[in-house]
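Listing of structure19.cif; format and content: mmCIF, C-alpha atoms.
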```
data_protein
#
loop_
_atom_site.group_PDB
_atom_site.id
_atom_site.type_symbol
_atom_site.label_atom_id
_atom_site.label_comp_id
_atom_site.auth_asym_id
_atom_site.auth_seq_id
_atom_site.Cartn_x
_atom_site.Cartn_y
_atom_site.Cartn_z
ATOM 1 C CA MET C 1 0.417 -5.153 0.394
ATOM 2 C CA THR C 2 -2.321 -6.161 2.693
ATOM 3 C CA GLY C 3 -5.724 -7.706 2.400
ATOM 4 C CA ARG C 4 -7.196 -4.276 3.048
ATOM 5 C CA LEU C 5 -10.732 -4.354 4.419
ATOM 6 C CA PHE C 6 -12.950 -2.471 2.026
ATOM 7 C CA LEU C 7 -14.860 -0.844 4.864
ATOM 8 C CA LEU C 8 -15.826 2.210 2.879
ATOM 9 C CA SER C 9 -17.187 0.087 0.067
ATOM 10 C CA CYS C 10 -19.210 -2.067 2.448
ATOM 11 C CA THR C 11 -20.658 0.862 4.357
ATOM 12 C CA ARG C 12 -21.456 3.359 1.598
ATOM 13 C CA PRO C 13 -25.234 3.115 2.083
ATOM 14 C CA GLN C 14 -24.929 3.566 5.845
ATOM 15 C CA LEU C 15 -22.531 6.490 5.514
ATOM 16 C CA HIS C 16 -24.932 8.181 3.122
ATOM 17 C CA PHE C 17 -27.978 7.408 5.298
ATOM 18 C CA MET C 18 -26.239 8.783 8.412
ATOM 19 C CA GLU C 19 -25.306 11.889 6.407
ATOM 20 C CA VAL C 20 -21.578 11.324 6.823
ATOM 21 C CA LEU C 21 -21.377 11.541 3.026
ATOM 22 C CA ASP C 22 -23.348 14.136 1.080
ATOM 23 C CA ASN C 23 -23.171 12.044 -2.077
ATOM 24 C CA ILE C 24 -21.809 8.711 -3.230
ATOM 25 C CA LYS C 25 -19.009 10.370 -5.258
ATOM 26 C CA GLN C 26 -17.399 11.330 -1.943
ATOM 27 C CA ALA C 27 -16.859 7.630 -1.200
ATOM 28 C CA THR C 28 -14.725 7.316 -4.346
ATOM 29 C CA GLU C 29 -12.712 10.369 -3.359
ATOM 30 C CA ILE C 30 -12.118 8.978 0.151
ATOM 31 C CA ASP C 31 -11.063 5.627 -1.276
ATOM 32 C CA LEU C 32 -8.621 7.264 -3.692
ATOM 33 C CA GLN C 33 -7.036 9.083 -0.742
ATOM 34 C CA ALA C 34 -6.774 5.925 1.399
ATOM 35 C CA ILE C 35 -3.531 3.957 1.337
ATOM 36 C CA GLY C 36 -3.889 1.555 -1.562
ATOM 37 C CA GLY C 37 -7.456 2.733 -2.212
ATOM 38 C CA THR C 38 -8.523 1.093 -5.455
ATOM 39 C CA TRP C 39 -12.167 0.158 -4.967
ATOM 40 C CA GLY C 40 -15.017 0.951 -7.363
ATOM 41 C CA LYS C 41 -14.468 3.932 -9.646
ATOM 42 C CA ALA C 42 -10.948 4.283 -8.260
ATOM 43 C CA THR C 43 -10.082 1.086 -10.166
ATOM 44 C CA SER C 44 -11.267 2.519 -13.476
ATOM 45 C CA ILE C 45 -9.168 5.621 -12.858
ATOM 46 C CA LEU C 46 -6.077 3.473 -12.255
ATOM 47 C CA GLN C 47 -6.411 1.474 -15.459
ATOM 48 C CA LYS C 48 -6.257 4.467 -17.803
ATOM 49 C CA GLN C 49 -2.530 5.176 -17.781
ATOM 50 C CA LEU C 50 0.595 4.217 -15.902
ATOM 51 C CA ILE C 51 1.133 6.082 -12.625
ATOM 52 C CA GLU C 52 4.250 8.223 -12.570
ATOM 53 C CA VAL C 53 6.613 6.851 -9.928
ATOM 54 C CA PRO C 54 8.707 9.304 -7.878
ATOM 55 C CA HIS C 55 12.350 8.745 -8.799
ATOM 56 C CA GLU C 56 13.250 8.453 -5.083
ATOM 57 C CA ILE C 57 11.401 5.159 -4.728
ATOM 58 C CA LEU C 58 11.544 3.605 -8.207
ATOM 59 C CA PRO C 59 14.772 1.663 -7.443
ATOM 60 C CA TYR C 60 12.964 -0.163 -4.608
ATOM 61 C CA LEU C 61 9.976 -1.295 -6.685
ATOM 62 C CA SER C 62 11.532 -4.560 -7.835
ATOM 63 C CA TYR C 63 8.292 -5.762 -9.449
ATOM 64 C CA TYR C 64 7.698 -2.635 -11.527
ATOM 65 C CA GLU C 65 9.083 -3.398 -14.994
ATOM 66 C CA GLU C 66 7.777 -6.955 -15.164
ATOM 67 C CA LEU C 67 4.316 -6.083 -13.853
ATOM 68 C CA ARG C 68 4.067 -2.951 -16.011
ATOM 69 C CA ASP C 69 4.518 -5.124 -19.094
ATOM 70 C CA LYS C 70 1.838 -7.592 -17.943
ATOM 71 C CA SER C 71 -0.894 -5.317 -16.585
ATOM 72 C CA ILE C 72 -1.058 -1.547 -16.235
ATOM 73 C CA LEU C 73 -3.954 -1.877 -13.781
ATOM 74 C CA MET C 74 -2.146 -4.320 -11.478
ATOM 75 C CA CYS C 75 1.085 -2.337 -11.730
ATOM 76 C CA ASN C 76 -0.797 0.846 -10.788
ATOM 77 C CA TYR C 77 -2.560 -0.967 -7.958
ATOM 78 C CA ALA C 78 0.759 -2.025 -6.407
ATOM 79 C CA THR C 79 2.517 1.234 -7.198
ATOM 80 C CA LYS C 80 -0.244 3.369 -5.670
ATOM 81 C CA TYR C 81 0.069 1.341 -2.471
ATOM 82 C CA PHE C 82 3.838 1.900 -2.246
ATOM 83 C CA ILE C 83 3.617 5.592 -3.134
ATOM 84 C CA ASP C 84 0.904 6.015 -0.486
ATOM 85 C CA MET C 85 2.984 4.138 2.089
ATOM 86 C CA TRP C 86 6.057 6.222 1.239
ATOM 87 C CA LYS C 87 4.012 9.386 1.845
ATOM 88 C CA HIS C 88 2.798 7.890 5.139
ATOM 89 C CA ILE C 89 6.356 7.029 6.207
ATOM 90 C CA LYS C 90 7.536 10.542 5.353
ATOM 91 C CA SER C 91 4.698 12.058 7.411
ATOM 92 C CA LEU C 92 5.441 9.648 10.271
ATOM 93 C CA LYS C 93 8.939 11.146 10.507
ATOM 94 C CA ILE C 94 7.361 14.497 11.332
ATOM 95 C CA VAL C 95 4.941 13.364 14.061
ATOM 96 C CA LYS C 96 6.746 10.448 15.718
ATOM 97 C CA ALA C 97 7.984 10.648 19.287
ATOM 98 C CA ASP C 98 11.651 10.395 20.222
ATOM 99 C CA LYS C 99 12.716 6.770 20.553
ATOM 100 C CA PHE C 100 9.705 5.730 18.471
ATOM 101 C CA LYS C 101 9.066 2.019 17.969
ATOM 102 C CA GLY C 102 6.447 0.510 15.710
ATOM 103 C CA VAL C 103 5.425 -2.632 13.900
ATOM 104 C CA TYR C 104 3.790 -2.776 10.500
ATOM 105 C CA VAL C 105 2.051 -6.018 9.558
ATOM 106 C CA VAL C 106 1.820 -6.536 5.818
ATOM 107 C CA GLY C 107 1.243 -9.299 3.328
ATOM 108 C CA ASN C 108 3.205 -10.063 0.213
ATOM 109 C CA SER C 109 1.342 -10.298 -3.095
ATOM 110 C CA ARG C 110 1.356 -12.020 -6.413
ATOM 111 C CA LEU C 111 -0.255 -9.905 -9.132
ATOM 112 C CA SER C 112 -0.493 -11.225 -12.691
ATOM 113 C CA GLY C 113 2.043 -13.870 -11.677
ATOM 114 C CA VAL C 114 4.594 -11.329 -10.425
ATOM 115 C CA GLU C 115 5.851 -11.716 -6.836
ATOM 116 C CA ILE C 116 5.776 -8.528 -4.780
ATOM 117 C CA PHE C 117 7.812 -8.720 -1.586
ATOM 118 C CA THR C 118 6.027 -5.970 0.332
ATOM 119 C CA GLU C 119 8.100 -6.382 3.483
ATOM 120 C CA CYS C 120 11.379 -5.890 1.592
ATOM 121 C CA ILE C 121 10.158 -2.830 -0.286
ATOM 122 C CA LEU C 122 8.696 -1.205 2.837
ATOM 123 C CA GLY C 123 11.843 -2.032 4.809
ATOM 124 C CA LYS C 124 13.879 -0.137 2.212
ATOM 125 C CA LEU C 125 11.446 2.795 2.246
ATOM 126 C CA PHE C 126 11.641 3.003 6.059
ATOM 127 C CA ARG C 127 15.453 2.974 5.911
ATOM 128 C CA GLN C 128 15.499 5.622 3.189
ATOM 129 C CA GLU C 129 13.433 7.891 5.432
ATOM 130 C CA GLY C 130 15.771 7.466 8.411
ATOM 131 C CA PHE C 131 14.107 4.675 10.395
ATOM 132 C CA ASP C 132 15.991 1.653 11.681
ATOM 133 C CA VAL C 133 14.494 -1.665 10.652
ATOM 134 C CA GLU C 134 15.186 -3.876 13.661
ATOM 135 C CA LYS C 135 13.902 -7.064 12.080
ATOM 136 C CA ILE C 136 11.419 -8.494 9.620
ATOM 137 C CA VAL C 137 9.554 -11.587 10.778
ATOM 138 C CA SER C 138 7.321 -13.787 8.629
ATOM 139 C CA PHE C 139 4.773 -15.300 10.936
ATOM 140 C CA ARG C 140 1.707 -16.579 9.149
ATOM 141 C CA LYS C 141 0.807 -18.193 5.882
ATOM 142 C CA ARG C 142 -2.345 -16.619 4.519
ATOM 143 C CA GLY C 143 -5.198 -17.561 2.282
ATOM 144 C CA GLY C 144 -4.176 -21.140 1.651
ATOM 145 C CA LYS C 145 -2.266 -19.984 -1.426
ATOM 146 C CA LYS C 146 1.348 -20.905 -2.048
ATOM 147 C CA ARG C 147 3.962 -18.400 -0.932
ATOM 148 C CA LEU C 148 1.531 -15.830 0.479
ATOM 149 C CA TYR C 149 2.349 -14.838 4.040
ATOM 150 C CA GLU C 150 2.077 -12.060 6.598
ATOM 151 C CA THR C 151 5.157 -10.334 7.870
ATOM 152 C CA ALA C 152 5.875 -7.898 10.697
ATOM 153 C CA ILE C 153 8.339 -5.071 10.054
ATOM 154 C CA PHE C 154 9.789 -3.804 13.359
ATOM 155 C CA ILE C 155 10.999 -0.214 13.105
ATOM 156 C CA LYS C 156 12.451 2.377 15.456
ATOM 157 C CA THR C 157 14.232 5.725 15.443
#
```
Is it possible to give me this structure as structure tokens?
Amino acid sequence: MTGRLFLLSCTRPQLHFMEVLDNIKQATEIDLQAIGGTWGKATSILQKQLIEVPHEILPYLSYYEELRDKSILMCNYATKYFIDMWKHIKSLKIVKADKFKGVYVVGNSRLSGVEIFTECILGKLFRQEGFDVEKIVSFRKRGGKKRLYETAIFIKT
């Protein structure tokens, strides 16, 4: 998962003032629809009950059982991200050009002490949806914390 910039959260007053949003509740709805959107009220929605995981991707979510037992909220946070990314990857198949090439830069995570290898999970999701994963390159340690890094996933069709 990435250190997603909470742009919507930071700009809610401006978006309302500029009449981009009719009301503040729209910001929550937009955040829920964003990949990995878990800011504000979206967080309270995610902590109520465990998200149902599509059976097509459950085998790839290596963290799921351990994290589920430690924290429903953190498990839902991670799972929402991967479900959202899977939906994105599936939609990318439809709109991509022939001989498409792309790079996704992501960060791994540690939630409630459980390691989540984002690059491995996304690599498997890309392959499942018919993309070739050319290579996965770890290139930067992040945040000064142990074992947190950024990785580039090179894909093509």
Judged by only C-alpha atoms, the minimum distance to His88 of chain C among C:Glu150, C:Glu29, C:Glu134, C:Glu129 is found for C:Glu129
Exercise. Can you list, as a ChimeraX atom specification, every protein, DNA or RNA residue that comes within 12 Å of Ile57 of chain C when you count all atoms listed in the file, leaving out same-chain residues fewer than 6 positions away?
Worked result: /C:64,79-80,82-87,121-129
Using all atoms listed in the file, which residues sit within 12 Å of Glu65 of chain C once same-chain residues fewer than 3 positions away are excluded, as an MDAnalysis selection string?
chainID C and resid 50 53 58:62 68:72 74:76 79 114 116
Go ahead and write the selection's residues with C-alpha atoms as a CSV table (one decimal), in the frame of the given file.
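Saved result, again_7.csv, follows:
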```
chain,number,residue,atom,x,y,z
C,50,LEU,CA,0.6,4.2,-15.9
C,53,VAL,CA,6.6,6.9,-9.9
C,58,LEU,CA,11.5,3.6,-8.2
C,59,PRO,CA,14.8,1.7,-7.4
C,60,TYR,CA,13.0,-0.2,-4.6
C,61,LEU,CA,10.0,-1.3,-6.7
C,62,SER,CA,11.5,-4.6,-7.8
C,68,ARG,CA,4.1,-3.0,-16.0
C,69,ASP,CA,4.5,-5.1,-19.1
C,70,LYS,CA,1.8,-7.6,-17.9
C,71,SER,CA,-0.9,-5.3,-16.6
C,72,ILE,CA,-1.1,-1.5,-16.2
C,74,MET,CA,-2.1,-4.3,-11.5
C,75,CYS,CA,1.1,-2.3,-11.7
C,76,ASN,CA,-0.8,0.8,-10.8
C,79,THR,CA,2.5,1.2,-7.2
C,114,VAL,CA,4.6,-11.3,-10.4
C,116,ILE,CA,5.8,-8.5,-4.8
```
For this structure, which residues satisfy the selection - the PyMOL selection byres ((chain C and resi 109) around 9) - when it is evaluated on the file as given? I want them as number ranges by chain. C: 1-2, 78, 107-108, 110-111, 114-118, 147-149
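Of note, atom CA of Gly143 of chain C and atom CA of Ile155 of chain C are spaced 26.1 Å apart.
One finds atom CA of Ala152 of chain C at 8.2 Å from atom CA of Lys135 of chain C.
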Any chance you could work out the axis-aligned box around segment 58-63 of chain C, listed atoms only, 6 Å on each side, giving centre and edge lengths in Å to one decimal, as lines of an AutoDock Vina configuration file?
```
center_x = 11.5
center_y = -1.1
center_z = -7.0
size_x = 18.5
size_y = 21.4
size_z = 16.8
```
The distance between atom CA of Phe131 of chain C and atom CA of Lys93 of chain C is 8.3 Å
Residue with the minimum atom-to-atom distance to Lys101 of chain C, picked from C:Val133, C:Glu119, C:Pro54, C:Glu66 with only C-alpha atoms counted, is C:Val133
#### Entry: Given only C-alpha atoms as the counted atoms, nearest of C:Gly130, C:Gln49, C:Thr151, C:Arg142 to Ile94 of chain C
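Ranked by minimum distance to Ile94 of chain C, first place goes to C:Gly130.
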Missing atoms of segment 102-124 of chain C rebuilt to N, CA and C atoms, written as a PDB file, keeping the file's coordinate frame:
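Saved the output as rebuild.pdb:
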```pdb
ATOM      1  N   GLY C 102       7.702   0.908  16.331  1.00  0.00           N
ATOM      2  CA  GLY C 102       6.447   0.510  15.710  1.00  0.00           C
ATOM      3  C   GLY C 102       6.594  -0.802  14.968  1.00  0.00           C
ATOM      4  N   VAL C 103       5.455  -1.387  14.670  1.00  0.00           N
ATOM      5  CA  VAL C 103       5.425  -2.632  13.900  1.00  0.00           C
ATOM      6  C   VAL C 103       4.356  -2.493  12.820  1.00  0.00           C
ATOM      7  N   TYR C 104       4.733  -2.775  11.615  1.00  0.00           N
ATOM      8  CA  TYR C 104       3.790  -2.776  10.500  1.00  0.00           C
ATOM      9  C   TYR C 104       3.609  -4.210  10.052  1.00  0.00           C
ATOM     10  N   VAL C 105       2.360  -4.663  10.002  1.00  0.00           N
ATOM     11  CA  VAL C 105       2.051  -6.018   9.558  1.00  0.00           C
ATOM     12  C   VAL C 105       1.520  -5.912   8.132  1.00  0.00           C
ATOM     13  N   VAL C 106       2.179  -6.601   7.231  1.00  0.00           N
ATOM     14  CA  VAL C 106       1.820  -6.536   5.818  1.00  0.00           C
ATOM     15  C   VAL C 106       1.806  -7.936   5.222  1.00  0.00           C
ATOM     16  N   GLY C 107       1.235  -8.045   4.058  1.00  0.00           N
ATOM     17  CA  GLY C 107       1.243  -9.299   3.328  1.00  0.00           C
ATOM     18  C   GLY C 107       1.921  -9.109   1.987  1.00  0.00           C
ATOM     19  N   ASN C 108       2.642 -10.121   1.557  1.00  0.00           N
ATOM     20  CA  ASN C 108       3.205 -10.063   0.213  1.00  0.00           C
ATOM     21  C   ASN C 108       2.083 -10.315  -0.786  1.00  0.00           C
ATOM     22  N   SER C 109       2.366 -10.117  -2.062  1.00  0.00           N
ATOM     23  CA  SER C 109       1.342 -10.298  -3.095  1.00  0.00           C
ATOM     24  C   SER C 109       1.921 -10.974  -4.316  1.00  0.00           C
ATOM     25  N   ARG C 110       1.023 -11.514  -5.090  1.00  0.00           N
ATOM     26  CA  ARG C 110       1.356 -12.020  -6.413  1.00  0.00           C
ATOM     27  C   ARG C 110       0.279 -11.465  -7.338  1.00  0.00           C
ATOM     28  N   LEU C 111       0.680 -10.533  -8.201  1.00  0.00           N
ATOM     29  CA  LEU C 111      -0.255  -9.905  -9.132  1.00  0.00           C
ATOM     30  C   LEU C 111       0.159 -10.257 -10.551  1.00  0.00           C
ATOM     31  N   SER C 112      -0.771 -10.800 -11.304  1.00  0.00           N
ATOM     32  CA  SER C 112      -0.493 -11.225 -12.691  1.00  0.00           C
ATOM     33  C   SER C 112       0.752 -12.106 -12.756  1.00  0.00           C
ATOM     34  N   GLY C 113       0.921 -12.936 -11.721  1.00  0.00           N
ATOM     35  CA  GLY C 113       2.043 -13.870 -11.677  1.00  0.00           C
ATOM     36  C   GLY C 113       3.362 -13.269 -11.220  1.00  0.00           C
ATOM     37  N   VAL C 114       3.365 -12.005 -10.843  1.00  0.00           N
ATOM     38  CA  VAL C 114       4.594 -11.329 -10.425  1.00  0.00           C
ATOM     39  C   VAL C 114       4.622 -11.245  -8.898  1.00  0.00           C
ATOM     40  N   GLU C 115       5.696 -11.749  -8.291  1.00  0.00           N
ATOM     41  CA  GLU C 115       5.851 -11.716  -6.836  1.00  0.00           C
ATOM     42  C   GLU C 115       6.185 -10.300  -6.379  1.00  0.00           C
ATOM     43  N   ILE C 116       5.496  -9.838  -5.363  1.00  0.00           N
ATOM     44  CA  ILE C 116       5.776  -8.528  -4.780  1.00  0.00           C
ATOM     45  C   ILE C 116       6.096  -8.753  -3.307  1.00  0.00           C
ATOM     46  N   PHE C 117       7.347  -8.497  -2.945  1.00  0.00           N
ATOM     47  CA  PHE C 117       7.812  -8.720  -1.586  1.00  0.00           C
ATOM     48  C   PHE C 117       7.637  -7.412  -0.800  1.00  0.00           C
ATOM     49  N   THR C 118       6.425  -7.211  -0.342  1.00  0.00           N
ATOM     50  CA  THR C 118       6.027  -5.970   0.332  1.00  0.00           C
ATOM     51  C   THR C 118       6.942  -5.635   1.488  1.00  0.00           C
ATOM     52  N   GLU C 119       7.276  -6.625   2.297  1.00  0.00           N
ATOM     53  CA  GLU C 119       8.100  -6.382   3.483  1.00  0.00           C
ATOM     54  C   GLU C 119       9.483  -5.859   3.113  1.00  0.00           C
ATOM     55  N   CYS C 120      10.055  -6.360   2.028  1.00  0.00           N
ATOM     56  CA  CYS C 120      11.379  -5.890   1.592  1.00  0.00           C
ATOM     57  C   CYS C 120      11.308  -4.462   1.078  1.00  0.00           C
ATOM     58  N   ILE C 121      10.302  -4.177   0.270  1.00  0.00           N
ATOM     59  CA  ILE C 121      10.158  -2.830  -0.286  1.00  0.00           C
ATOM     60  C   ILE C 121       9.906  -1.820   0.828  1.00  0.00           C
ATOM     61  N   LEU C 122       8.980  -2.142   1.736  1.00  0.00           N
ATOM     62  CA  LEU C 122       8.696  -1.205   2.837  1.00  0.00           C
ATOM     63  C   LEU C 122       9.912  -1.047   3.747  1.00  0.00           C
ATOM     64  N   GLY C 123      10.626  -2.125   3.998  1.00  0.00           N
ATOM     65  CA  GLY C 123      11.843  -2.032   4.809  1.00  0.00           C
ATOM     66  C   GLY C 123      12.819  -1.029   4.206  1.00  0.00           C
ATOM     67  N   LYS C 124      12.978  -1.072   2.893  1.00  0.00           N
ATOM     68  CA  LYS C 124      13.879  -0.137   2.212  1.00  0.00           C
ATOM     69  C   LYS C 124      13.347   1.288   2.290  1.00  0.00           C
TER      70      LYS C 124
END
```
